[in-house]
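Listing of target_13.cif; format and content: mmCIF, C-alpha atoms and all ligand atoms.
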data_model
#
loop_
_atom_site.label_atom_id
_atom_site.label_comp_id
_atom_site.auth_asym_id
_atom_site.auth_seq_id
_atom_site.Cartn_x
_atom_site.Cartn_y
_atom_site.Cartn_z
CA MET I 1 -72.25 -60.76 69.93
CA LYS I 2 -70.37 -57.48 69.95
CA GLU I 3 -71.65 -54.84 67.56
CA TYR I 4 -69.29 -52.47 65.78
CA GLN I 5 -70.44 -49.25 64.16
CA VAL I 6 -68.63 -48.03 61.10
CA ALA I 7 -68.53 -44.57 59.50
CA LEU I 8 -67.59 -44.21 55.84
CA LEU I 9 -65.78 -41.06 54.76
CA GLY I 10 -66.55 -40.95 51.04
CA PHE I 11 -69.12 -42.95 49.08
CA GLY I 12 -67.47 -43.35 45.69
CA THR I 13 -66.11 -46.56 44.15
CA VAL I 14 -64.54 -47.93 47.34
CA GLY I 15 -67.01 -46.58 49.94
CA SER I 16 -70.06 -47.88 48.08
CA GLY I 17 -68.35 -51.28 47.71
CA VAL I 18 -67.70 -51.43 51.46
CA TYR I 19 -71.36 -50.59 52.13
CA ARG I 20 -72.46 -53.29 49.68
CA ILE I 21 -70.27 -56.00 51.23
CA ILE I 22 -71.41 -55.16 54.78
CA SER I 23 -75.07 -55.06 53.67
CA GLU I 24 -75.02 -58.18 51.52
CA ASN I 25 -72.53 -60.30 53.44
CA GLY I 26 -72.99 -58.99 57.00
CA ALA I 27 -74.92 -62.04 58.19
CA GLN I 28 -72.23 -64.44 56.92
CA ILE I 29 -69.50 -62.27 58.47
CA SER I 30 -71.37 -62.27 61.82
CA HIS I 31 -71.78 -66.03 61.68
CA ARG I 32 -68.14 -66.71 60.86
CA GLU I 33 -66.43 -63.96 62.86
CA GLY I 34 -68.71 -63.57 65.86
CA ILE I 35 -69.07 -59.81 65.40
CA SER I 36 -71.82 -57.67 63.99
CA LEU I 37 -70.95 -54.80 61.63
CA SER I 38 -73.19 -51.93 60.70
CA VAL I 39 -72.66 -48.71 58.80
CA ARG I 40 -73.90 -45.85 60.99
CA LYS I 41 -72.84 -42.80 59.01
CA ILE I 42 -71.70 -41.99 55.48
CA LEU I 43 -69.91 -38.69 54.99
CA ILE I 44 -70.45 -37.03 51.60
CA LYS I 45 -69.54 -33.59 50.23
CA ASP I 46 -73.06 -32.50 49.43
CA PHE I 47 -76.43 -34.07 48.73
CA GLU I 48 -76.96 -32.34 45.42
CA HIS I 49 -73.94 -33.83 43.61
CA GLU I 50 -73.72 -37.25 45.30
CA PRO I 51 -74.26 -39.88 42.56
CA ASN I 52 -74.66 -42.85 44.92
CA LEU I 53 -77.41 -41.50 47.22
CA ALA I 54 -79.83 -44.21 46.12
CA LEU I 55 -77.50 -46.99 47.34
CA ALA I 56 -78.10 -46.47 51.08
CA PRO I 57 -80.88 -45.13 53.33
CA ARG I 58 -80.99 -41.34 53.33
CA GLU I 59 -80.68 -41.04 57.12
CA LEU I 60 -77.14 -42.53 57.04
CA PHE I 61 -75.75 -39.65 54.97
CA SER I 62 -74.18 -36.58 56.53
CA THR I 63 -72.14 -33.66 55.24
CA SER I 64 -70.64 -32.92 58.67
CA PHE I 65 -67.38 -34.60 59.66
CA ASP I 66 -67.78 -33.21 63.19
CA GLU I 67 -71.05 -35.08 63.52
CA VAL I 68 -69.23 -38.30 62.57
CA VAL I 69 -66.18 -37.84 64.76
CA SER I 70 -68.17 -36.77 67.82
CA ASP I 71 -70.59 -39.70 67.62
CA PRO I 72 -69.49 -41.93 70.54
CA SER I 73 -71.17 -44.99 69.04
CA ILE I 74 -68.81 -45.02 66.03
CA ASP I 75 -65.89 -47.42 66.57
CA ILE I 76 -64.23 -47.46 63.16
CA VAL I 77 -63.79 -44.68 60.61
CA VAL I 78 -63.13 -45.81 57.04
CA GLU I 79 -61.41 -43.16 54.93
CA CYS I 80 -61.95 -43.80 51.24
CA MET I 81 -62.07 -40.26 49.88
CA GLY I 82 -58.67 -40.27 48.18
CA GLY I 83 -56.39 -37.25 47.79
CA ILE I 84 -54.66 -35.36 50.56
CA GLU I 85 -57.13 -32.87 52.04
CA PRO I 86 -59.50 -33.18 53.76
CA ALA I 87 -58.54 -36.87 54.12
CA ARG I 88 -55.38 -36.05 56.13
CA THR I 89 -57.17 -33.80 58.60
CA PHE I 90 -60.06 -36.23 59.02
CA ILE I 91 -57.72 -39.17 59.71
CA ILE I 92 -55.78 -37.20 62.33
CA LYS I 93 -58.99 -35.99 64.00
CA ALA I 94 -60.48 -39.49 64.05
CA LEU I 95 -57.28 -40.95 65.57
CA ASP I 96 -57.14 -38.06 68.08
CA ALA I 97 -60.69 -39.00 69.07
CA GLY I 98 -59.50 -42.58 69.69
CA LYS I 99 -61.34 -44.04 66.72
CA THR I 100 -59.68 -46.78 64.74
CA VAL I 101 -59.06 -45.76 61.13
CA VAL I 102 -59.08 -47.99 58.06
CA THR I 103 -57.86 -46.31 54.87
CA SER I 104 -57.56 -47.19 51.20
CA ASN I 105 -55.73 -43.93 50.46
CA LYS I 106 -52.12 -44.67 49.47
CA GLU I 107 -51.17 -41.06 48.74
CA VAL I 108 -52.23 -39.63 52.10
CA MET I 109 -50.77 -42.64 53.92
CA SER I 110 -47.38 -42.54 52.22
CA LYS I 111 -47.05 -38.78 52.71
CA ASN I 112 -48.16 -38.67 56.37
CA TRP I 113 -47.04 -41.96 57.85
CA PRO I 114 -45.10 -40.55 60.86
CA ALA I 115 -47.90 -38.10 61.82
CA PHE I 116 -50.56 -40.81 61.61
CA GLU I 117 -48.44 -43.27 63.58
CA LYS I 118 -47.89 -40.66 66.32
CA ALA I 119 -51.61 -39.82 66.52
CA ALA I 120 -52.61 -43.51 66.62
CA LYS I 121 -50.14 -44.30 69.37
CA ALA I 122 -51.17 -41.28 71.44
CA THR I 123 -54.77 -42.48 71.80
CA GLY I 124 -54.34 -46.21 71.28
CA ALA I 125 -56.44 -46.15 68.13
CA GLY I 126 -55.76 -48.73 65.42
CA LEU I 127 -54.67 -47.80 61.91
CA TYR I 128 -55.08 -50.28 59.07
CA LEU I 129 -54.13 -49.96 55.42
CA GLU I 130 -54.47 -53.28 53.58
CA ALA I 131 -56.39 -51.62 50.73
CA THR I 132 -53.65 -49.07 49.99
CA VAL I 133 -51.53 -51.56 48.02
CA GLY I 134 -52.65 -54.10 45.45
CA GLY I 135 -56.43 -53.54 45.82
CA GLY I 136 -57.91 -56.90 46.83
CA ILE I 137 -54.54 -58.69 47.12
CA PRO I 138 -53.88 -59.47 50.82
CA ILE I 139 -50.29 -58.26 50.67
CA ILE I 140 -49.96 -56.22 53.88
CA ARG I 141 -51.39 -58.98 56.05
CA THR I 142 -49.15 -61.50 54.27
CA ILE I 143 -46.08 -59.45 55.08
CA LEU I 144 -47.05 -58.72 58.68
CA ASP I 145 -48.98 -61.80 59.76
CA SER I 146 -47.64 -64.60 57.61
CA MET I 147 -44.01 -63.78 56.88
CA GLN I 148 -42.97 -62.63 60.38
CA ALA I 149 -40.40 -65.40 60.60
CA ASN I 150 -38.53 -63.98 57.64
CA ASN I 151 -36.13 -61.21 56.92
CA ILE I 152 -37.64 -59.95 53.70
CA THR I 153 -34.85 -59.21 51.27
CA ARG I 154 -36.83 -58.26 48.18
CA VAL I 155 -40.24 -56.99 47.22
CA MET I 156 -40.91 -56.57 43.53
CA GLY I 157 -44.26 -55.99 41.95
CA ILE I 158 -46.66 -54.76 39.34
CA ILE I 159 -48.74 -52.49 41.56
CA ASN I 160 -50.40 -50.20 39.06
CA GLY I 161 -53.12 -51.72 36.90
CA THR I 162 -53.51 -48.78 34.53
CA THR I 163 -49.90 -48.90 33.37
CA ASN I 164 -49.93 -52.68 33.21
CA TYR I 165 -52.94 -52.49 30.89
CA ILE I 166 -51.14 -49.94 28.66
CA LEU I 167 -47.91 -51.98 28.60
CA THR I 168 -49.85 -55.16 27.78
CA GLN I 169 -51.49 -53.40 24.81
CA MET I 170 -48.14 -52.08 23.61
CA THR I 171 -46.58 -55.56 23.93
CA GLU I 172 -49.35 -57.67 22.46
CA ASN I 173 -50.98 -55.34 19.92
CA GLY I 174 -48.04 -53.13 18.96
CA GLN I 175 -49.96 -50.03 20.05
CA SER I 176 -48.25 -46.71 20.69
CA PHE I 177 -48.32 -45.33 24.23
CA GLU I 178 -50.80 -42.63 23.17
CA ASP I 179 -53.25 -45.11 21.58
CA ALA I 180 -53.02 -47.57 24.49
CA LEU I 181 -53.67 -44.71 26.94
CA LYS I 182 -56.73 -43.61 24.96
CA ASP I 183 -58.08 -47.19 25.10
CA ALA I 184 -57.42 -47.35 28.84
CA GLN I 185 -59.30 -44.08 29.32
CA ALA I 186 -62.24 -45.27 27.20
CA LEU I 187 -62.47 -48.44 29.33
CA GLY I 188 -62.34 -46.46 32.60
CA TYR I 189 -58.92 -47.89 33.58
CA ALA I 190 -57.13 -44.54 33.30
CA GLU I 191 -58.21 -41.15 34.63
CA ALA I 192 -58.80 -38.15 32.34
CA ASN I 193 -55.57 -36.81 33.90
CA PRO I 194 -53.43 -39.97 33.88
CA THR I 195 -50.26 -38.42 35.36
CA ALA I 196 -50.36 -40.18 38.74
CA ASP I 197 -50.47 -43.57 37.04
CA VAL I 198 -48.33 -43.15 33.91
CA GLU I 199 -45.57 -41.16 35.61
CA GLY I 200 -45.24 -43.76 38.38
CA PHE I 201 -46.49 -41.64 41.31
CA ASP I 202 -49.21 -44.12 42.29
CA ALA I 203 -46.71 -47.00 42.25
CA MET I 204 -44.25 -44.85 44.26
CA TYR I 205 -46.85 -44.22 47.02
CA LYS I 206 -47.57 -47.95 47.16
CA LEU I 207 -43.88 -48.91 47.18
CA SER I 208 -43.29 -46.52 50.08
CA ILE I 209 -45.88 -48.47 52.11
CA LEU I 210 -44.82 -51.89 50.85
CA SER I 211 -41.11 -51.41 51.47
CA SER I 212 -41.66 -49.76 54.87
CA MET I 213 -43.72 -52.77 55.93
CA SER I 214 -41.33 -55.30 54.38
CA PHE I 215 -38.12 -53.80 55.74
CA HIS I 216 -39.47 -52.42 59.05
CA ALA I 217 -38.02 -49.01 58.30
CA HIS I 218 -39.77 -45.88 57.15
CA MET I 219 -39.20 -45.42 53.40
CA PRO I 220 -40.62 -41.99 52.55
CA ILE I 221 -41.51 -41.25 48.93
CA GLU I 222 -38.57 -38.83 48.68
CA VAL I 223 -36.07 -41.70 48.77
CA ILE I 224 -37.71 -43.64 45.93
CA TYR I 225 -36.28 -43.36 42.42
CA ARG I 226 -39.26 -42.89 40.06
CA GLU I 227 -39.61 -43.04 36.29
CA GLY I 228 -42.91 -43.47 34.40
CA ILE I 229 -43.80 -45.20 31.13
CA THR I 230 -44.52 -42.17 28.93
CA LYS I 231 -41.22 -42.30 27.02
CA LEU I 232 -41.51 -45.93 25.95
CA THR I 233 -41.77 -46.41 22.19
CA LYS I 234 -42.73 -49.21 19.83
CA SER I 235 -39.00 -49.76 19.20
CA ASP I 236 -38.48 -50.53 22.90
CA PHE I 237 -41.07 -53.29 22.70
CA GLU I 238 -39.54 -54.66 19.49
CA THR I 239 -36.13 -54.72 21.18
CA ALA I 240 -37.60 -56.45 24.25
CA GLN I 241 -39.30 -59.06 22.09
CA LEU I 242 -36.09 -59.86 20.22
CA LEU I 243 -34.27 -60.32 23.54
CA ASN I 244 -37.10 -62.48 25.01
CA TYR I 245 -37.99 -59.84 27.58
CA ARG I 246 -41.27 -58.16 28.62
CA ILE I 247 -41.42 -54.54 29.70
CA LYS I 248 -43.27 -53.95 32.98
CA LEU I 249 -43.52 -50.97 35.32
CA LEU I 250 -41.96 -52.57 38.38
CA ALA I 251 -41.80 -51.30 41.93
CA ILE I 252 -38.65 -52.77 43.43
CA GLY I 253 -37.33 -52.79 47.00
CA LYS I 254 -34.18 -54.68 47.96
CA LYS I 255 -32.48 -55.03 51.32
CA GLU I 256 -29.03 -56.42 51.89
CA GLY I 257 -27.77 -56.04 55.44
CA ASN I 258 -28.72 -52.48 56.36
CA ARG I 259 -28.59 -51.26 52.73
CA ILE I 260 -31.94 -50.62 51.07
CA GLU I 261 -32.78 -49.54 47.52
CA VAL I 262 -36.26 -48.55 46.39
CA ARG I 263 -37.22 -47.69 42.82
CA VAL I 264 -40.09 -47.57 40.33
CA HIS I 265 -39.29 -47.69 36.61
CA PRO I 266 -40.01 -49.54 33.37
CA THR I 267 -38.12 -52.81 33.61
CA MET I 268 -37.29 -55.59 31.19
CA ILE I 269 -37.86 -59.02 32.74
CA PRO I 270 -37.35 -62.40 31.05
CA ASP I 271 -40.59 -63.55 29.44
CA THR I 272 -40.33 -66.71 31.58
CA HIS I 273 -40.46 -64.69 34.85
CA PRO I 274 -43.76 -65.18 36.75
CA LEU I 275 -44.39 -61.40 36.67
CA ALA I 276 -44.14 -61.41 32.85
CA SER I 277 -47.43 -63.29 32.57
CA VAL I 278 -49.34 -60.69 34.62
CA ARG I 279 -51.46 -59.05 31.92
CA GLY I 280 -53.99 -56.24 31.66
CA VAL I 281 -55.12 -54.47 34.82
CA PHE I 282 -53.99 -57.26 37.13
CA ASN I 283 -51.38 -56.69 39.84
CA ALA I 284 -48.88 -59.13 41.33
CA ILE I 285 -46.30 -58.85 44.07
CA PHE I 286 -43.25 -61.03 44.39
CA LEU I 287 -41.67 -61.29 47.85
CA THR I 288 -38.46 -62.99 48.87
CA GLY I 289 -37.98 -64.01 52.50
CA HIS I 290 -34.77 -65.54 53.80
CA ALA I 291 -36.65 -68.62 55.07
CA VAL I 292 -39.64 -69.01 52.77
CA ASP I 293 -37.78 -67.95 49.58
CA ASP I 294 -40.09 -66.66 46.82
CA VAL I 295 -43.81 -65.97 47.26
CA MET I 296 -46.05 -64.36 44.64
CA LEU I 297 -49.52 -62.90 45.15
CA TYR I 298 -51.74 -62.07 42.18
CA GLY I 299 -55.11 -60.38 41.83
CA ARG I 300 -57.12 -57.31 41.03
CA GLY I 301 -55.26 -54.20 42.14
CA ALA I 302 -58.18 -51.79 41.91
CA GLY I 303 -61.94 -51.56 41.48
CA CYS I 304 -64.97 -51.34 43.71
CA MET I 305 -65.39 -54.85 45.11
CA PRO I 306 -61.72 -55.99 45.20
CA THR I 307 -60.63 -52.86 47.10
CA ALA I 308 -63.69 -53.04 49.36
CA SER I 309 -62.80 -56.67 50.09
CA ALA I 310 -59.48 -55.47 51.56
CA VAL I 311 -61.17 -52.63 53.49
CA VAL I 312 -63.77 -54.94 55.06
CA SER I 313 -61.00 -57.41 55.93
CA ASP I 314 -59.26 -54.58 57.83
CA ILE I 315 -62.52 -53.64 59.57
CA ILE I 316 -62.95 -57.24 60.76
CA TYR I 317 -59.29 -57.41 61.82
CA ALA I 318 -59.69 -54.14 63.74
CA CYS I 319 -62.77 -55.56 65.53
CA HIS I 320 -60.80 -58.63 66.60
CA HIS I 321 -57.96 -56.43 67.90
CA ASP I 322 -59.93 -53.72 69.65
CA LYS I 323 -58.77 -54.59 73.16
CA ALA I 324 -55.03 -54.95 72.83
CA HIS I 325 -52.11 -55.23 70.44
CA LYS I 326 -53.51 -52.58 68.17
CA TYR I 327 -50.14 -52.05 66.59
CA MET I 328 -49.81 -55.60 65.36
CA THR I 329 -50.19 -54.29 61.85
CA PHE I 330 -48.28 -51.08 62.34
CA VAL I 331 -44.98 -51.81 63.95
CA ASN I 332 -42.48 -49.53 62.27
CA GLU I 333 -40.62 -47.67 64.95
CA GLU I 334 -38.76 -44.53 64.00
CA SER I 335 -35.70 -45.93 65.77
CA MET I 336 -35.66 -48.84 63.33
CA SER I 337 -34.83 -46.47 60.49
CA GLY I 338 -31.68 -45.29 62.27
CA ASP I 339 -29.13 -47.72 60.87
CA ILE I 340 -30.47 -47.87 57.35
CA GLU I 341 -28.28 -46.85 54.45
CA LEU I 342 -30.29 -45.82 51.39
CA VAL I 343 -28.60 -46.89 48.20
CA LYS I 344 -28.99 -44.34 45.42
CA ASP I 345 -26.22 -45.77 43.27
CA PHE I 346 -27.90 -49.13 42.83
CA SER I 347 -26.65 -51.78 40.41
CA CYS I 348 -28.59 -53.21 37.51
CA ILE I 349 -28.29 -54.69 34.08
CA TYR I 350 -29.05 -52.00 31.48
CA CYS I 351 -30.45 -52.31 27.98
CA ILE I 352 -29.27 -49.27 26.03
CA ARG I 353 -30.20 -48.47 22.43
CA LEU I 354 -28.19 -45.92 20.46
CA HIS I 355 -28.69 -44.42 17.02
CA VAL I 356 -25.19 -44.14 15.61
CA ALA I 357 -23.15 -43.39 12.49
CA ASP I 358 -22.38 -46.64 10.68
CA LYS I 359 -18.66 -46.13 10.20
CA PRO I 360 -15.35 -47.57 11.41
CA GLY I 361 -14.47 -46.62 14.98
CA THR I 362 -18.03 -46.09 16.23
CA MET I 363 -18.16 -49.26 18.28
CA ALA I 364 -14.65 -48.70 19.67
CA ALA I 365 -15.50 -45.14 20.81
CA ILE I 366 -18.69 -46.24 22.54
CA ALA I 367 -17.12 -49.29 24.18
CA GLY I 368 -14.31 -47.02 25.39
CA ALA I 369 -16.76 -44.64 27.06
CA PHE I 370 -18.47 -47.53 28.86
CA ALA I 371 -15.07 -48.86 29.96
CA ASP I 372 -14.02 -45.40 31.24
CA HIS I 373 -16.87 -45.59 33.78
CA GLY I 374 -16.50 -49.23 34.79
CA VAL I 375 -19.48 -50.46 32.76
CA SER I 376 -18.87 -53.94 31.44
CA LEU I 377 -20.76 -55.02 28.32
CA LYS I 378 -22.46 -58.40 28.07
CA SER I 379 -23.73 -58.26 24.52
CA VAL I 380 -24.02 -55.93 21.56
CA ILE I 381 -26.70 -56.35 18.93
CA GLN I 382 -27.29 -54.41 15.76
CA LEU I 383 -31.06 -54.44 15.35
CA GLY I 384 -33.53 -52.91 12.95
CA GLU I 385 -32.99 -51.09 9.68
CA ASN I 386 -29.53 -50.13 8.57
CA ASP I 387 -29.37 -47.59 5.71
CA GLY I 388 -25.59 -47.79 5.33
CA VAL I 389 -25.18 -44.34 6.89
CA SER I 390 -26.60 -44.91 10.35
CA SER I 391 -27.75 -47.85 12.41
CA ARG I 392 -29.21 -48.82 15.75
CA ILE I 393 -27.09 -50.69 18.27
CA THR I 394 -28.42 -52.23 21.46
CA PHE I 395 -26.05 -52.89 24.35
CA LEU I 396 -26.78 -55.16 27.30
CA THR I 397 -24.49 -54.49 30.23
CA HIS I 398 -23.41 -56.78 33.03
CA MET I 399 -24.45 -55.56 36.49
CA ALA I 400 -23.39 -51.93 36.44
CA SER I 401 -23.70 -48.93 38.72
CA GLU I 402 -26.49 -46.45 37.98
CA PHE I 403 -24.09 -43.55 38.41
CA GLY I 404 -21.46 -45.23 36.19
CA VAL I 405 -24.00 -45.80 33.39
CA ASN I 406 -25.25 -42.21 33.62
CA GLU I 407 -21.70 -40.83 33.40
CA ALA I 408 -20.87 -43.13 30.47
CA LEU I 409 -24.02 -41.99 28.64
CA LYS I 410 -23.12 -38.32 29.14
CA GLN I 411 -19.80 -39.06 27.44
CA ILE I 412 -21.42 -41.17 24.71
CA GLU I 413 -23.98 -38.44 23.88
CA LYS I 414 -21.10 -36.11 23.07
CA LEU I 415 -19.42 -38.48 20.60
CA ASP I 416 -19.57 -37.37 16.95
CA CYS I 417 -20.49 -40.89 15.88
CA VAL I 418 -23.58 -40.98 18.14
CA ASN I 419 -26.78 -39.39 16.86
CA GLU I 420 -28.98 -40.19 19.83
CA VAL I 421 -29.27 -42.24 23.02
CA GLU I 422 -32.70 -43.60 22.11
CA SER I 423 -33.53 -45.56 25.19
CA VAL I 424 -32.21 -46.83 28.51
CA ILE I 425 -34.23 -49.55 30.24
CA ARG I 426 -33.16 -51.39 33.37
CA VAL I 427 -33.29 -55.18 33.40
CA GLU I 428 -34.11 -57.54 36.28
CA GLU I 429 -33.16 -61.17 35.67
N1 LIG G 1 -54.95 -46.22 39.47
C1 LIG G 1 -54.48 -47.34 40.22
C2 LIG G 1 -54.08 -48.45 39.29
C3 LIG G 1 -55.50 -47.90 41.16
O1 LIG G 1 -54.20 -48.29 38.08
O2 LIG G 1 -53.64 -49.47 39.76
C4 LIG G 1 -55.56 -47.13 42.42
O3 LIG G 1 -54.31 -47.04 43.02
#

Take the structure I supplied and represent it as structure tokens, if you would.
Amino acid sequence: MKEYQVALLGFGTVGSGVYRIISENGAQISHREGISLSVRKILIKDFEHEPNLALAPRELFSTSFDEVVSDPSIDIVVECMGGIEPARTFIIKALDAGKTVVTSNKEVMSKNWPAFEKAAKATGAGLYLEATVGGGIPIIRTILDSMQANNITRVMGIINGTTNYILTQMTENGQSFEDALKDAQALGYAEANPTADVEGFDAMYKLSILSSMSFHAHMPIEVIYREGITKLTKSDFETAQLLNYRIKLLAIGKKEGNRIEVRVHPTMIPDTHPLASVRGVFNAIFLTGHAVDDVMLYGRGAGCMPTASAVVSDIIYACHHDKAHKYMTFVNEESMSGDIELVKDFSCIYCIRLHVADKPGTMAAIAGAFADHGVSLKSVIQLGENDGVSSRITFLTHMASEFGVNEALKQIEKLDCVNEVESVIRVEE
């Protein structure tokens, strides 16, 4: 039975989970897979501040990356440190040394994809990233190994558990964003600095990877439209409820011919949509292939054991592919991005709530501004309190262009009869 030696870079939530699975389940894995896995080295920053030292034998720990990368017995380097540096440098050096890399780090992967791909190809090392998107959900392997027969036309998902927890609290308990965030922090679902999650950066990194894999074209983070959940108010959730919608932070990629759009933003979806029932910290990803039609995967998008499950799956996959075809999971060629047209002026349905003067002519002026920019209205609803002086009007558009809606809103904001554009939320039916 072939033995494979693994080095872990980082021994936090993910690294310690990987160690635990290999230690506790190694015999079963050997029996089923015909390979033997062992952790040979664990890279930590320093011994004094390492909280998980008691979880593995002392002799496995090292503070020297050079010791790890120059050890010829190490076959696979698992990067689970997070952040950009030193993760980026360590990944490049490991690939340069011909060692296969498995990473759970979505930020470093999405920001350095071309450099990593070049380094991997130069030495023939493998590079695997199942754990970067959707935690324990086997989404990358599904796209690459199970949906190869398809042209994927749409990928749409809830890929950030922290924001899904917050949005679930706001929907079901009527909490404000601030209160729901505090609860998420108290439960350990949100970081002390929650920016990466609540402003949509984490989902953007993951969508970059997901859409690149799905559409076989490099989708750097710079081309992704991003909007977080921090501006959502209780009124938005009341409006959504009245319209039978749920508000979710969706990551959306669509491909039609050679035209691709990629975006992350709060989205209203019908409460009958399968993604609407994804509650709390759970993630789910909805794929559409031209042959298979719709597929949805659901599971835990973060956490020690779910993420480690994906990492160990990649380690096993790497062991089975150590002789040839190392790029089976990493096939995006730069040349494949050549013909792609990135659509910035995408089309959507929009739910727009205005605070307006309640007087004759208001509706006509607003409808006129929408018409001036080619935005067709589907329905108009006067919701909430009406004090006889001002009122709130919610407009649902037909499919309309993003640029057209933005221009119409600029004009509407200037109207005397409009006090405020209170909210603009895109809708996916
Ligand atoms: N913070 C992320 C989430 C998990 O809430 O889903 C790691 O990407």

Residue neighbourhood Gly98 (chain I), 10 Å, only C-alpha atoms, exclusion window fewer than 4 positions, as number ranges by chain: I: 69, 75-76, 92-94, 119-126

Residues near Lys41 (chain I), anyone? I mean within 8 Å using all atoms listed in the file, not counting same-chain ones fewer than 4 positions away, as a ChimeraX atom specification. /I:6-8,60-62,68

Sorted per-residue table, chain I near ligand LIG 1 (chain G), closest atoms and distance, 6 Å, only C-alpha atoms and all ligand atoms, as CSV:
residue,atom,partner,partner_atom,distance
I:Asn160,CA,G:LIG1,O2,3.4
I:Gly161,CA,G:LIG1,O2,3.7
I:Thr162,CA,G:LIG1,O1,3.6
I:Asp197,CA,G:LIG1,N1,5.7
I:Asp202,CA,G:LIG1,O3,5.9
I:Gly301,CA,G:LIG1,O2,5.5
I:Ala302,CA,G:LIG1,C3,4.8

Within 9 Å of (-47.3, -50.6, 38.7) (coordinates as in the file), grab all the protein and nucleic acid residues, counting all atoms listed in the file, and write them out as a ChimeraX atom specification. /I:157-164,197-198,200,202-204,206,248-251,264-265,283

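The spacing separating CA of Pro114 (chain I) from CA of Tyr205 (chain I) amounts to 14.4 Å.
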
So what do you get for CA of Glu33 (chain I) versus CA of Ile209 (chain I), distance-wise?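 Between CA of Glu33 (chain I) and CA of Ile209 (chain I) the gap works out to 27.9 Å.
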
Pick from I:Ala186, I:Ile425, I:Val18, I:Ile91 nearest to Ile316 (chain I), counting only C-alpha atoms: I:Val18

Between I:Lys231, I:Arg40, I:His355, I:His398, which has the minimum distance to Ser376 (chain I) (counting all atoms listed in the file)?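 Distance minimum relative to Ser376 (chain I) lands on I:His398.
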
Can you tell me, as a PDB file with C-alpha atoms, in the coordinates of the input, what residues are no more than 6 Å from Val78 (chain I) when counting only C-alpha atoms, ignoring any on the same chain fewer than 2 positions away?
ATOM      1  CA  LEU I   8     -67.590 -44.210  55.840  1.00  0.00           C
ATOM      2  CA  LEU I   9     -65.780 -41.060  54.760  1.00  0.00           C
ATOM      3  CA  VAL I 101     -59.060 -45.760  61.130  1.00  0.00           C
ATOM      4  CA  VAL I 102     -59.080 -47.990  58.060  1.00  0.00           C
ATOM      5  CA  THR I 103     -57.860 -46.310  54.870  1.00  0.00           C
TER       6      THR I 103
END

Length of the CA of Trp113 (chain I) to CA of Thr89 (chain I) vector [Å]: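 Distance reported for this atom pair: 13.0 Å.
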
Just the residues within 9 Å of Phe286 (chain I), please, counting all atoms listed in the file, with nothing from its chain fewer than 2 positions along; format it as a PDB file with C-alpha atoms, in the frame of the given file.
ATOM      1  CA  ARG I 154     -36.830 -58.260  48.180  1.00  0.00           C
ATOM      2  CA  VAL I 155     -40.240 -56.990  47.220  1.00  0.00           C
ATOM      3  CA  MET I 156     -40.910 -56.570  43.530  1.00  0.00           C
ATOM      4  CA  GLY I 157     -44.260 -55.990  41.950  1.00  0.00           C
ATOM      5  CA  ILE I 158     -46.660 -54.760  39.340  1.00  0.00           C
ATOM      6  CA  PRO I 274     -43.760 -65.180  36.750  1.00  0.00           C
ATOM      7  CA  LEU I 275     -44.390 -61.400  36.670  1.00  0.00           C
ATOM      8  CA  ALA I 284     -48.880 -59.130  41.330  1.00  0.00           C
ATOM      9  CA  THR I 288     -38.460 -62.990  48.870  1.00  0.00           C
ATOM     10  CA  ASP I 294     -40.090 -66.660  46.820  1.00  0.00           C
ATOM     11  CA  VAL I 295     -43.810 -65.970  47.260  1.00  0.00           C
ATOM     12  CA  MET I 296     -46.050 -64.360  44.640  1.00  0.00           C
ATOM     13  CA  LEU I 297     -49.520 -62.900  45.150  1.00  0.00           C
ATOM     14  CA  TYR I 298     -51.740 -62.070  42.180  1.00  0.00           C
TER      15      TYR I 298
END

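The closest residue to Ile221 (chain I), picked from I:Glu107, I:Thr267, I:Ala308, I:Gln175 and counting only C-alpha atoms, is I:Glu107.
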
Pick out the closest residue to Ser16 (chain I) from this set: I:Gln241, I:Asn258, I:Ser235, I:Ser309. Count all atoms listed in the file. I:Ser309

Near His290 (chain I), within 7 Å and counting all atoms listed in the file, which residues show up once chain neighbours fewer than 6 positions away are dropped, as a PyMOL selection string? chain I and resi 150-153

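Using all atoms listed in the file for every distance, the candidate list I:Met109, I:Cys348, I:Ala365, I:Ala115 yields I:Cys348 as the residue closest to Ile252 (chain I).
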
Is there a way to get, as an NGL selection string, all residues within 9 Å of the point (-20.4, -46.0, 35.0) in file coordinates, counting all atoms listed in the file? :I and (369-376 or 400-409)

Under the rule that all atoms listed in the file are counted, which of I:Ser391, I:Glu238, I:Ala27, I:Glu429 is the nearest residue to Pro270 (chain I)?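 With all atoms listed in the file as the atom set, the closest residue is I:Glu429.
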